[in-house]
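Asks: Below are the structure tokens for one structure; questions will follow.
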Amino acid sequence: AAADVARICGHLGHHYADYWPETIRALVVHGARHTSAMRGTLPIVPLKKDKENLLRRFGYGAVNLGDSLYSSNRRATLVLQEAITPYKLDGGDIKLGGLNMHALPWPVEELQGIADKSVALRVTLSYFVEPNPSRRGWQSKFRYQSHGLRFAVKGSTETDERFGQRINKLEREEREGGNDEALGDPDVAHWFLGAQLRSRGSIHSDEWRGTAAQLAAKSHIAVFPVGGWWKDWKDSDRYVTQVRYALAVTLEVIEDVDVDVYTPIANILQVPVVVDLPGTGV
């Protein structure tokens, strides 16, 4: 397994030389899927504890080079490499910093054309943390992780104003767990893992399933900070530190319909199209 993951990392690093380690890590997890045998260990109606056991036993599933490396007409992957300052000094206290809001360049016309068809949205957030140097460890208020990040996706029935209220800084300061369920995510039933299970560690990956019409309305992803020992330990002077993160987002058409979602996204983003000419190697 370790050799297979190393092979995939090597291919990703070769094809995308400007990708950060955070991004390579994100894409390995992002391309992994639970096999039918793995999912067969779940009951017909899995509970949270059943999904937790699945994660403990199989992680995010079997890795797949093709899904990590490439997009296709029916499965388009967006990759963002961004930075954020998790905390700030406010008077004499360290508070949570701002958030990054990312607009999703969905091909609305194409999605509305297959409005009742099933689609999937997969999101993976990857970043590295600095472990706590204190012997007190993560069981005290000086937590293990230096900082934490979370993602939240706008609900399909949620207005921009309501989404802003759900992820605003005051709410996050009050509920640092970054729990979408607690903050009223209207699409919580569509996520496979949910905010609590996917929020552990420093890489968070989850999949939402619904109709193309619903996905067309899910227009934004927010990345925001939660607590860590940089926030709790003022004398460490880490509250001014900027951190990197990678965000991978995949739109996949599940049903067998004739639709191209990659090309319109590429046109929106003005991604150059590489044409393979026979005999040229280009």
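The way I read the labels, and the way they are meant: chains A, B, ... in the order of the structure tokens, residue 1 as the first residue of every chain, and ligand 1 as the first ligand shown, with later ones counted on from there.
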From a DSSP calculation on the backbone, collect every residue of stretch 177-263 of chain A in helix (DSSP H, G or I) and output the set as number ranges by chain.
Replies: A: 188-190, 195-198, 212-216, 229-232, 234-236, 262-263
Asks: What's around stretch 69-71 of chain A at 8 Å? Count only C-alpha atoms, leave out sequence neighbours fewer than 6 positions away in its own chain, and write the answer as a list in words.
Replies: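 Those residues are His11, Leu12, Leu27, Gly31, Thr77 and Tyr262 of chain A.
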Asks: Please identify all polymer residues within 7 Å of A:His204, counting only C-alpha atoms, omitting same-chain residues fewer than 2 positions from it, and present them as a PDB file with all heavy atoms, in the first residue's frame.
Replies:
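Listing of result_4.pdb after writing:
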ATOM      1  N   THR A 124     -11.977  17.940  -0.831  1.00  0.00           N
ATOM      2  CA  THR A 124     -10.868  17.538   0.039  1.00  0.00           C
ATOM      3  C   THR A 124     -10.047  18.770   0.389  1.00  0.00           C
ATOM      4  O   THR A 124      -9.617  19.509  -0.501  1.00  0.00           O
ATOM      5  CB  THR A 124      -9.964  16.491  -0.638  1.00  0.00           C
ATOM      6  OG1 THR A 124     -10.747  15.333  -0.975  1.00  0.00           O
ATOM      7  CG2 THR A 124      -8.835  16.069   0.293  1.00  0.00           C
ATOM      8  N   LEU A 125      -9.849  18.969   1.676  1.00  0.00           N
ATOM      9  CA  LEU A 125      -9.050  20.082   2.202  1.00  0.00           C
ATOM     10  C   LEU A 125      -7.830  19.514   2.905  1.00  0.00           C
ATOM     11  O   LEU A 125      -7.959  18.671   3.794  1.00  0.00           O
ATOM     12  CB  LEU A 125      -9.887  20.918   3.175  1.00  0.00           C
ATOM     13  CG  LEU A 125      -9.174  22.020   3.957  1.00  0.00           C
ATOM     14  CD1 LEU A 125      -8.671  23.112   3.012  1.00  0.00           C
ATOM     15  CD2 LEU A 125     -10.106  22.618   5.019  1.00  0.00           C
ATOM     16  N   SER A 126      -6.635  19.958   2.506  1.00  0.00           N
ATOM     17  CA  SER A 126      -5.390  19.420   3.047  1.00  0.00           C
ATOM     18  C   SER A 126      -4.476  20.551   3.502  1.00  0.00           C
ATOM     19  O   SER A 126      -4.297  21.534   2.786  1.00  0.00           O
ATOM     20  CB  SER A 126      -4.676  18.572   1.985  1.00  0.00           C
ATOM     21  OG  SER A 126      -3.375  18.191   2.402  1.00  0.00           O
ATOM     22  N   ARG A 198     -15.631  14.130   9.298  1.00  0.00           N
ATOM     23  CA  ARG A 198     -14.603  14.557   8.347  1.00  0.00           C
ATOM     24  C   ARG A 198     -13.652  15.586   8.937  1.00  0.00           C
ATOM     25  O   ARG A 198     -12.663  15.942   8.295  1.00  0.00           O
ATOM     26  CB  ARG A 198     -15.261  15.125   7.085  1.00  0.00           C
ATOM     27  CG  ARG A 198     -15.928  16.484   7.264  1.00  0.00           C
ATOM     28  CD  ARG A 198     -16.418  17.023   5.936  1.00  0.00           C
ATOM     29  NE  ARG A 198     -17.058  18.311   6.070  1.00  0.00           N
ATOM     30  CZ  ARG A 198     -18.300  18.587   5.685  1.00  0.00           C
ATOM     31  NH1 ARG A 198     -19.054  17.628   5.177  1.00  0.00           N
ATOM     32  NH2 ARG A 198     -18.786  19.795   5.825  1.00  0.00           N
ATOM     33  N   SER A 199     -13.921  16.085  10.137  1.00  0.00           N
ATOM     34  CA  SER A 199     -13.132  17.187  10.688  1.00  0.00           C
ATOM     35  C   SER A 199     -11.926  16.739  11.498  1.00  0.00           C
ATOM     36  O   SER A 199     -11.232  17.571  12.069  1.00  0.00           O
ATOM     37  CB  SER A 199     -14.022  18.085  11.565  1.00  0.00           C
ATOM     38  OG  SER A 199     -14.986  18.741  10.773  1.00  0.00           O
ATOM     39  N   SER A 202      -5.785  16.613   9.843  1.00  0.00           N
ATOM     40  CA  SER A 202      -5.463  17.808   9.053  1.00  0.00           C
ATOM     41  C   SER A 202      -5.728  17.596   7.566  1.00  0.00           C
ATOM     42  O   SER A 202      -5.226  18.336   6.733  1.00  0.00           O
ATOM     43  CB  SER A 202      -3.995  18.203   9.268  1.00  0.00           C
ATOM     44  OG  SER A 202      -3.136  17.157   8.858  1.00  0.00           O
ATOM     45  N   ASP A 206     -14.900  14.620   1.945  1.00  0.00           N
ATOM     46  CA  ASP A 206     -16.280  14.150   2.055  1.00  0.00           C
ATOM     47  C   ASP A 206     -16.949  14.261   0.692  1.00  0.00           C
ATOM     48  O   ASP A 206     -16.474  14.980  -0.194  1.00  0.00           O
ATOM     49  CB  ASP A 206     -17.041  14.987   3.089  1.00  0.00           C
ATOM     50  CG  ASP A 206     -18.246  14.237   3.674  1.00  0.00           C
ATOM     51  OD1 ASP A 206     -18.545  13.119   3.211  1.00  0.00           O
ATOM     52  OD2 ASP A 206     -18.877  14.777   4.609  1.00  0.00           O
TER      53      ASP A 206
END
Asks: So that I can check the secondary structure, give me every residue of stretch 2-247 of chain A assigned strand (DSSP E) by backbone DSSP, as a ChimeraX atom specification.
Replies: /A:75-84,87-90,93-96,100-103,118-126,148-153,203-211,220-226,243-247
Asks: Please, what distance in Å, to one decimal, runs between atom CA of A:Gly40 and atom CA of A:Val257?
Replies: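 About the pair atom CA of A:Gly40 and atom CA of A:Val257: they are 26.9 Å apart.
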Asks: Could you check which of A:Trp233, A:Ala1, A:Ala189, A:Leu251 is closest to A:Leu47, using only C-alpha atoms?
Replies: A:Ala189
Asks: Here is a test: counting only C-alpha atoms, which residue of A:Ile114, A:Val223, A:Ala83, A:Leu269 is nearest to A:Gln242?
Replies: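 Closest candidate: A:Ala83.
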Asks: Could you tell me which of A:Ala62, A:Val119, A:Leu215, A:Ile203 comes closest to A:Ile254 if we count only C-alpha atoms?
Replies: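 Residue with the minimum atom-to-atom distance to A:Ile254: A:Val119.
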Asks: Point out the residue among A:Val188, A:Cys9, A:Met101, A:Leu193 with the least atom-to-atom distance to A:Lys49, counting only C-alpha atoms.
Replies: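 Of all the options, A:Leu193 lies closest to A:Lys49.
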Asks: Can you pull out every residue within 9 Å of stretch 84-91 of chain A, counting only C-alpha atoms, but drop anything in the same chain fewer than 3 positions away, and send it as a list in words?
Replies: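 Contacts, with the query itself left out: Ile94, Lys95, Leu96, Gly97, Gly98, Leu99, Asn100, His147, Gly148, Leu149, Val223, Phe224, Pro225, Val226, Gly227, Trp230, Lys231, Arg238, Tyr239, Val240, Thr241, Gln242, Val243, Arg244 and Tyr245 of chain A.
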